[in-house]
Structures are given as structure tokens and as C-alpha cells.
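Enquirer: Starting off with a structure, shown below.
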Amino acid sequence: MPSLKDLRNRIASVKATQKITKAMQMVAAAKLRRAQTAAEAARPYAERMAVVLGNIASGITVGPETPRLLAGTGSDRVHLLIVCTAERGLCGAFNSSIARLARDHANRLLAEGKTVKIICVGKKGYDILRRQFAEQIIELVDLRSVRQIGFEQADMIAQKVLARFEAGEFDVATLFYSRFRSVIAQIPTAQQIIPAQIEASAGSSDAVYEYEPEEGEILTTLLPRNLTVQIFRALLENAASEQGARMSAMDNATRNAGEMIKKQTMTYNRSRQAMITKELIEIISGAEAL
């Protein structure tokens, strides 16, 4: 049985940890509001971009002149997975859930005989995936020095992806991130971005549009922009999801620390009372012996 000194040290250690988790919870709560506002503000723009692309794409016929970002390369042999996770941990299952979705997708492609390449955006996803896919990881995008995610970071990642696509390094690109729903709910999401997937409902409209210049020229400009927008949205969704997951995880850790302190304090009081009782019995027994 631990001594009273050991119990006091344990209680003091858990109290110190509880202060840290409580502080981290408050910091995450403060950052969450800003991150959530940014993520929600980016959704209408990304969705409207999909509507515009759908309207334009519905008026053209896929052929040799169709941009490759929309029509693809005509093959799906090489797949590029862009896995977006956080740079730091202590946020529950946020990083592992995204990495698990990407890992399952990669394993399925490999089982079909496809070639898989991975770009990791965020150190935590890299640390998880490199255990199994060290040979498939071709690049790590480190954003630890970035205090607040901006459009320039998304554009930088998009330019890297576009350069590899133009060089013929892959045929299909899929983006992995966590979509923010609430503080306790973040949804791991896989979204194909090359070739761009245009939903039929996005382009459905009774109105007839005439475009100047031609649809193909507009798509040539809009499709790279759409790639950057989708990556930017994924980064913002990830930022909000990360803070929500961290807030929830630190709240649970603070509660668990409080319960542990109660148990340790009860054990300490019982041990102390037992020692006092034992000393009193020894004193009384000694006095009676005299």
C-alpha cells in the first residue's frame, strides 16, 4: 500500500494535470469560435463554385478539348491521396479517424492492383501513415509555423498537386479531411477532386446560359481555382474540427482528473485515519501496561 507521502504526491500531480487540461479546454473553446466561423463562411462559396461548374460542364461534350481536370486522363491506375490532419495531438480521435479512412481507401486500391501515392498535410497524419505506407508517402506539407490557415496555404498545396498532375504522376486525386458538424461530432470525409466530380443536381437548371468566352476556356480557368477552393475549405473544416475535438477531449480529461482526485483523496484520508487510530491504540495499550 502506498505511503501517505506517495498519495499526496499523486494528488498534487493529478491536480497539476487538471489545471493544464482545463487551460487547454478554454484555449480550444476560444479558438473554436473563430475557426467555426471561418469554416461556415467558406461553405457557401465552395458550394456555389460547384453549382457554376455544374452549369458550365452541362453545356459541353466531353472530348479531346475538354480540360483534363474535368475529363481525367482516361485511366485510374495511379491514385494520389491528400490526407489533411493536424500538426498537434491531444484532440481525441480526430487525427486517427482521418488516417483510418485514408488507410482503408489505400488498402482497397492496393488490393485492386492500383498504385497509391500519398501527400500528408499535417505531421500527425504522417506519423500514423508512415508505419504502413512509408514507401507510398511522397511529400509532407508542414504547416506548424502557420498560426492561422489562409488561402495562400491552400493555393500552395493546390499548385503542388497541379504540378504533379501535369507531369503525369497520377490519374485520380482524393482529398481526406474531417468535416465539422459540432463540438462532439466531426465527420471524416473523402472527396475526389481530380477529375472534378460535378453532381448532376448542381448543374440542373431550367435557365439556358450563353457564355463568352466558350465553356472550355472558362473551365480551364475555373477548375484550378476550384481545386484551391476545395482544399481551402478542407483546411478550414479541419481547423474547426480539431479545436472542437480538442475541447471535447480536454473536457473529458478534466472530468477524469477530478474523479481521480476524489478517489485518491478518499484513499489518503482512510490511510491517514487508519494510522491515527493505530497510534492511539498503541498509546492507550502502553498506558494500560503501566
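Starting from 1 in every chain, residues are counted up; chains themselves are A, B, ... following the order of the C-alpha cells, and ligands are numbered from 1 as listed.
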Quick one: contact table of range 75-164 of chain A to range 24-38 of chain A, 12 Å max, nearest atom pair and distance in Å to one decimal per residue, counting only C-alpha atoms, chain and number order, as a Markdown table?

Expert:
| residue | atom | partner | partner_atom | distance |
| --- | --- | --- | --- | --- |
| A:Gly89 | CA | A:Met24 | CA | 11.9 |
| A:Leu90 | CA | A:Met24 | CA | 9.4 |
| A:Cys91 | CA | A:Ala28 | CA | 9.8 |
| A:Arg147 | CA | A:Lys31 | CA | 11.2 |
| A:Gln148 | CA | A:Ala35 | CA | 9.0 |
| A:Ile149 | CA | A:Ala35 | CA | 9.3 |
| A:Gly150 | CA | A:Ala38 | CA | 10.0 |
| A:Phe151 | CA | A:Ala38 | CA | 11.4 |

Enquirer: Quick one: pick out all alpha helix (DSSP H) residues within range 58-130 of chain A from a backbone DSSP run and write them as a PyMOL selection string.

Expert: chain A and resi 68-71+94-111+123-130

Enquirer: Keeping only N, CA, C and O atoms, write the selected residues as a CSV table (one decimal), in the first residue's frame.

Expert:
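Everything below was put into again_6.csv:
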chain,number,residue,atom,x,y,z
A,68,ARG,N,-8.4,18.5,-68.8
A,68,ARG,CA,-8.1,17.2,-68.1
A,68,ARG,C,-8.5,17.1,-66.7
A,68,ARG,O,-8.7,16.1,-66.1
A,69,LEU,N,-8.6,18.3,-66.1
A,69,LEU,CA,-9.0,18.3,-64.7
A,69,LEU,C,-10.5,17.9,-64.5
A,69,LEU,O,-10.9,17.5,-63.5
A,70,LEU,N,-11.2,18.0,-65.6
A,70,LEU,CA,-12.6,17.6,-65.6
A,70,LEU,C,-12.8,16.2,-66.2
A,70,LEU,O,-13.5,15.3,-65.7
A,71,ALA,N,-12.1,16.0,-67.4
A,71,ALA,CA,-12.3,14.7,-68.1
A,71,ALA,C,-11.4,13.6,-67.5
A,71,ALA,O,-11.7,12.4,-67.7
A,94,PHE,N,-9.5,12.6,-33.5
A,94,PHE,CA,-9.6,13.5,-34.7
A,94,PHE,C,-8.6,13.0,-35.8
A,94,PHE,O,-9.0,12.7,-36.9
A,95,ASN,N,-7.3,12.9,-35.4
A,95,ASN,CA,-6.3,12.6,-36.4
A,95,ASN,C,-6.4,11.1,-36.8
A,95,ASN,O,-6.3,10.8,-38.0
A,96,SER,N,-6.6,10.2,-35.9
A,96,SER,CA,-6.7,8.8,-36.2
A,96,SER,C,-7.9,8.4,-37.1
A,96,SER,O,-7.8,7.5,-37.9
A,97,SER,N,-9.0,9.1,-36.9
A,97,SER,CA,-10.2,8.8,-37.7
A,97,SER,C,-9.9,9.2,-39.2
A,97,SER,O,-10.3,8.4,-40.1
A,98,ILE,N,-9.3,10.3,-39.5
A,98,ILE,CA,-8.9,10.7,-40.8
A,98,ILE,C,-7.9,9.7,-41.4
A,98,ILE,O,-8.1,9.2,-42.6
A,99,ALA,N,-6.9,9.4,-40.6
A,99,ALA,CA,-5.9,8.5,-41.1
A,99,ALA,C,-6.5,7.1,-41.4
A,99,ALA,O,-6.1,6.4,-42.3
A,100,ARG,N,-7.4,6.7,-40.5
A,100,ARG,CA,-8.0,5.3,-40.7
A,100,ARG,C,-8.8,5.3,-42.0
A,100,ARG,O,-8.8,4.3,-42.8
A,101,LEU,N,-9.6,6.4,-42.3
A,101,LEU,CA,-10.3,6.5,-43.6
A,101,LEU,C,-9.4,6.4,-44.8
A,101,LEU,O,-9.6,5.7,-45.8
A,102,ALA,N,-8.3,7.1,-44.7
A,102,ALA,CA,-7.3,7.1,-45.8
A,102,ALA,C,-6.6,5.8,-45.9
A,102,ALA,O,-6.4,5.3,-47.0
A,103,ARG,N,-6.3,5.1,-44.8
A,103,ARG,CA,-5.7,3.8,-44.8
A,103,ARG,C,-6.6,2.8,-45.4
A,103,ARG,O,-6.1,1.9,-46.3
A,104,ASP,N,-7.9,2.8,-45.1
A,104,ASP,CA,-8.8,1.8,-45.7
A,104,ASP,C,-8.9,2.0,-47.2
A,104,ASP,O,-9.0,1.1,-47.9
A,105,HIS,N,-9.0,3.3,-47.6
A,105,HIS,CA,-9.1,3.6,-49.0
A,105,HIS,C,-7.8,3.1,-49.7
A,105,HIS,O,-7.9,2.5,-50.8
A,106,ALA,N,-6.6,3.4,-49.2
A,106,ALA,CA,-5.4,2.9,-49.8
A,106,ALA,C,-5.3,1.4,-49.9
A,106,ALA,O,-4.9,0.9,-50.9
A,107,ASN,N,-5.7,0.7,-48.8
A,107,ASN,CA,-5.6,-0.7,-48.8
A,107,ASN,C,-6.6,-1.3,-49.9
A,107,ASN,O,-6.3,-2.3,-50.5
A,108,ARG,N,-7.7,-0.7,-50.0
A,108,ARG,CA,-8.7,-1.2,-51.1
A,108,ARG,C,-8.1,-1.0,-52.5
A,108,ARG,O,-8.2,-1.8,-53.3
A,109,LEU,N,-7.5,0.2,-52.7
A,109,LEU,CA,-6.9,0.4,-54.0
A,109,LEU,C,-5.7,-0.5,-54.3
A,109,LEU,O,-5.6,-1.1,-55.4
A,110,LEU,N,-4.9,-0.8,-53.3
A,110,LEU,CA,-3.8,-1.7,-53.4
A,110,LEU,C,-4.2,-3.1,-53.7
A,110,LEU,O,-3.6,-3.8,-54.5
A,111,ALA,N,-5.4,-3.5,-53.1
A,111,ALA,CA,-5.9,-4.8,-53.3
A,111,ALA,C,-6.4,-5.0,-54.7
A,111,ALA,O,-6.5,-6.1,-55.3
A,123,LYS,N,1.6,16.9,-39.6
A,123,LYS,CA,2.6,15.9,-39.1
A,123,LYS,C,1.9,14.7,-38.5
A,123,LYS,O,2.4,13.6,-38.6
A,124,LYS,N,0.8,14.8,-37.8
A,124,LYS,CA,0.2,13.7,-37.1
A,124,LYS,C,-0.3,12.6,-38.1
A,124,LYS,O,-0.2,11.4,-37.8
A,125,GLY,N,-0.9,13.0,-39.2
A,125,GLY,CA,-1.3,12.0,-40.2
A,125,GLY,C,-0.1,11.3,-40.8
A,125,GLY,O,-0.1,10.1,-41.0
A,126,TYR,N,1.0,12.1,-41.0
A,126,TYR,CA,2.3,11.5,-41.5
A,126,TYR,C,2.8,10.4,-40.5
A,126,TYR,O,3.2,9.3,-40.9
A,127,ASP,N,2.8,10.8,-39.2
A,127,ASP,CA,3.3,9.8,-38.2
A,127,ASP,C,2.5,8.5,-38.2
A,127,ASP,O,3.0,7.5,-37.9
A,128,ILE,N,1.2,8.6,-38.4
A,128,ILE,CA,0.3,7.4,-38.4
A,128,ILE,C,0.5,6.6,-39.6
A,128,ILE,O,0.7,5.4,-39.6
A,129,LEU,N,0.5,7.3,-40.8
A,129,LEU,CA,0.5,6.5,-42.0
A,129,LEU,C,1.9,6.0,-42.4
A,129,LEU,O,1.9,5.0,-43.1
A,130,ARG,N,2.9,6.6,-41.9
A,130,ARG,CA,4.3,6.1,-42.4
A,130,ARG,C,4.6,4.7,-41.8
A,130,ARG,O,5.5,4.1,-42.3

Enquirer: Can you work out the spacing between CA of Cys84 in chain A and CA of Thr220 in chain A in Å, to one decimal?

Expert: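 So the answer is 26.0 Å.
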
Enquirer: Have a look at CA of Asp6 in chain A and CA of Tyr268 in chain A and let me know their distance in Å, one decimal.

Expert: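 Computing it gives 9.4 Å between the two atoms.
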
Enquirer: Would you mind listing what lies within 9 Å of range 221-229 of chain A as a PyMOL selection string, with only C-alpha atoms counted and same-chain residues fewer than 5 positions away left out?

Expert: chain A and resi 42+45-46+49-50+53+67+69-70+151+154-159+162+193-194+196+216+234

Enquirer: Those selected residues, please, written with N, CA, C and O atoms and delivered as a PDB file, in the first residue's frame.

Expert:
ATOM      1  N   ALA A  42     -16.850  29.618 -45.510  1.00  0.00           N
ATOM      2  CA  ALA A  42     -16.280  29.080 -46.749  1.00  0.00           C
ATOM      3  C   ALA A  42     -17.227  28.120 -47.457  1.00  0.00           C
ATOM      4  O   ALA A  42     -17.084  27.896 -48.665  1.00  0.00           O
ATOM      5  N   TYR A  45     -19.373  29.534 -50.556  1.00  0.00           N
ATOM      6  CA  TYR A  45     -18.536  29.832 -51.724  1.00  0.00           C
ATOM      7  C   TYR A  45     -18.171  28.549 -52.452  1.00  0.00           C
ATOM      8  O   TYR A  45     -18.262  28.475 -53.692  1.00  0.00           O
ATOM      9  N   ALA A  46     -17.745  27.525 -51.686  1.00  0.00           N
ATOM     10  CA  ALA A  46     -17.378  26.250 -52.309  1.00  0.00           C
ATOM     11  C   ALA A  46     -18.577  25.597 -52.971  1.00  0.00           C
ATOM     12  O   ALA A  46     -18.473  25.034 -54.070  1.00  0.00           O
ATOM     13  N   MET A  49     -19.430  27.483 -56.137  1.00  0.00           N
ATOM     14  CA  MET A  49     -18.454  27.145 -57.167  1.00  0.00           C
ATOM     15  C   MET A  49     -18.842  25.843 -57.861  1.00  0.00           C
ATOM     16  O   MET A  49     -18.750  25.715 -59.088  1.00  0.00           O
ATOM     17  N   ALA A  50     -19.318  24.871 -57.076  1.00  0.00           N
ATOM     18  CA  ALA A  50     -19.761  23.602 -57.659  1.00  0.00           C
ATOM     19  C   ALA A  50     -20.971  23.811 -58.570  1.00  0.00           C
ATOM     20  O   ALA A  50     -21.087  23.177 -59.621  1.00  0.00           O
ATOM     21  N   LEU A  53     -19.715  25.418 -61.861  1.00  0.00           N
ATOM     22  CA  LEU A  53     -19.031  24.408 -62.667  1.00  0.00           C
ATOM     23  C   LEU A  53     -20.029  23.420 -63.262  1.00  0.00           C
ATOM     24  O   LEU A  53     -19.876  22.976 -64.398  1.00  0.00           O
ATOM     25  N   PRO A  67     -10.956  20.085 -70.640  1.00  0.00           N
ATOM     26  CA  PRO A  67      -9.828  20.161 -69.704  1.00  0.00           C
ATOM     27  C   PRO A  67      -9.628  18.839 -68.965  1.00  0.00           C
ATOM     28  O   PRO A  67     -10.589  18.189 -68.542  1.00  0.00           O
ATOM     29  N   LEU A  69      -8.574  18.309 -66.054  1.00  0.00           N
ATOM     30  CA  LEU A  69      -9.029  18.345 -64.664  1.00  0.00           C
ATOM     31  C   LEU A  69     -10.483  17.914 -64.532  1.00  0.00           C
ATOM     32  O   LEU A  69     -10.917  17.507 -63.452  1.00  0.00           O
ATOM     33  N   LEU A  70     -11.230  17.999 -65.629  1.00  0.00           N
ATOM     34  CA  LEU A  70     -12.629  17.573 -65.623  1.00  0.00           C
ATOM     35  C   LEU A  70     -12.795  16.193 -66.248  1.00  0.00           C
ATOM     36  O   LEU A  70     -13.502  15.337 -65.705  1.00  0.00           O
ATOM     37  N   PHE A 151      -5.759  31.431 -47.420  1.00  0.00           N
ATOM     38  CA  PHE A 151      -5.925  30.936 -48.794  1.00  0.00           C
ATOM     39  C   PHE A 151      -4.579  30.633 -49.442  1.00  0.00           C
ATOM     40  O   PHE A 151      -4.493  29.773 -50.324  1.00  0.00           O
ATOM     41  N   ALA A 154      -3.622  26.987 -48.959  1.00  0.00           N
ATOM     42  CA  ALA A 154      -4.381  26.118 -49.852  1.00  0.00           C
ATOM     43  C   ALA A 154      -3.869  26.230 -51.282  1.00  0.00           C
ATOM     44  O   ALA A 154      -3.749  25.226 -51.995  1.00  0.00           O
ATOM     45  N   ASP A 155      -3.547  27.437 -51.707  1.00  0.00           N
ATOM     46  CA  ASP A 155      -3.046  27.636 -53.070  1.00  0.00           C
ATOM     47  C   ASP A 155      -1.694  26.959 -53.254  1.00  0.00           C
ATOM     48  O   ASP A 155      -1.415  26.387 -54.313  1.00  0.00           O
ATOM     49  N   MET A 156      -0.857  27.015 -52.215  1.00  0.00           N
ATOM     50  CA  MET A 156       0.441  26.357 -52.283  1.00  0.00           C
ATOM     51  C   MET A 156       0.288  24.843 -52.461  1.00  0.00           C
ATOM     52  O   MET A 156       0.966  24.226 -53.294  1.00  0.00           O
ATOM     53  N   ILE A 157      -0.615  24.249 -51.698  1.00  0.00           N
ATOM     54  CA  ILE A 157      -0.853  22.805 -51.814  1.00  0.00           C
ATOM     55  C   ILE A 157      -1.451  22.480 -53.181  1.00  0.00           C
ATOM     56  O   ILE A 157      -1.060  21.498 -53.833  1.00  0.00           O
ATOM     57  N   ALA A 158      -2.399  23.303 -53.644  1.00  0.00           N
ATOM     58  CA  ALA A 158      -3.034  23.059 -54.939  1.00  0.00           C
ATOM     59  C   ALA A 158      -2.015  23.134 -56.073  1.00  0.00           C
ATOM     60  O   ALA A 158      -2.067  22.331 -57.017  1.00  0.00           O
ATOM     61  N   GLN A 159      -1.079  24.072 -55.988  1.00  0.00           N
ATOM     62  CA  GLN A 159      -0.059  24.183 -57.034  1.00  0.00           C
ATOM     63  C   GLN A 159       0.845  22.961 -57.067  1.00  0.00           C
ATOM     64  O   GLN A 159       1.262  22.500 -58.142  1.00  0.00           O
ATOM     65  N   LEU A 162      -1.290  20.268 -58.760  1.00  0.00           N
ATOM     66  CA  LEU A 162      -1.428  20.524 -60.191  1.00  0.00           C
ATOM     67  C   LEU A 162      -0.134  20.231 -60.945  1.00  0.00           C
ATOM     68  O   LEU A 162      -0.155  19.684 -62.057  1.00  0.00           O
ATOM     69  N   ILE A 193     -11.162  15.132 -56.049  1.00  0.00           N
ATOM     70  CA  ILE A 193     -11.016  16.488 -56.594  1.00  0.00           C
ATOM     71  C   ILE A 193     -10.419  16.486 -58.000  1.00  0.00           C
ATOM     72  O   ILE A 193     -10.522  17.489 -58.700  1.00  0.00           O
ATOM     73  N   ILE A 194      -9.756  15.411 -58.396  1.00  0.00           N
ATOM     74  CA  ILE A 194      -9.237  15.261 -59.763  1.00  0.00           C
ATOM     75  C   ILE A 194      -9.518  13.824 -60.208  1.00  0.00           C
ATOM     76  O   ILE A 194      -9.054  12.892 -59.554  1.00  0.00           O
ATOM     77  N   ALA A 196     -12.520  16.412 -61.431  1.00  0.00           N
ATOM     78  CA  ALA A 196     -13.554  17.048 -60.610  1.00  0.00           C
ATOM     79  C   ALA A 196     -14.873  16.307 -60.770  1.00  0.00           C
ATOM     80  O   ALA A 196     -15.278  15.981 -61.886  1.00  0.00           O
ATOM     81  N   GLY A 216     -15.266  25.790 -72.563  1.00  0.00           N
ATOM     82  CA  GLY A 216     -13.976  25.139 -72.335  1.00  0.00           C
ATOM     83  C   GLY A 216     -12.937  26.089 -71.788  1.00  0.00           C
ATOM     84  O   GLY A 216     -12.156  25.735 -70.897  1.00  0.00           O
ATOM     85  N   ALA A 234     -11.344  22.358 -47.045  1.00  0.00           N
ATOM     86  CA  ALA A 234     -10.946  21.205 -46.234  1.00  0.00           C
ATOM     87  C   ALA A 234     -10.054  21.630 -45.068  1.00  0.00           C
ATOM     88  O   ALA A 234     -10.212  21.142 -43.943  1.00  0.00           O
TER      89      ALA A 234
END

Enquirer: Figure out the distance between CA of Gly74 in chain A and CA of Phe176 in chain A, please, to one decimal in Å.

Expert: 22.9 Å
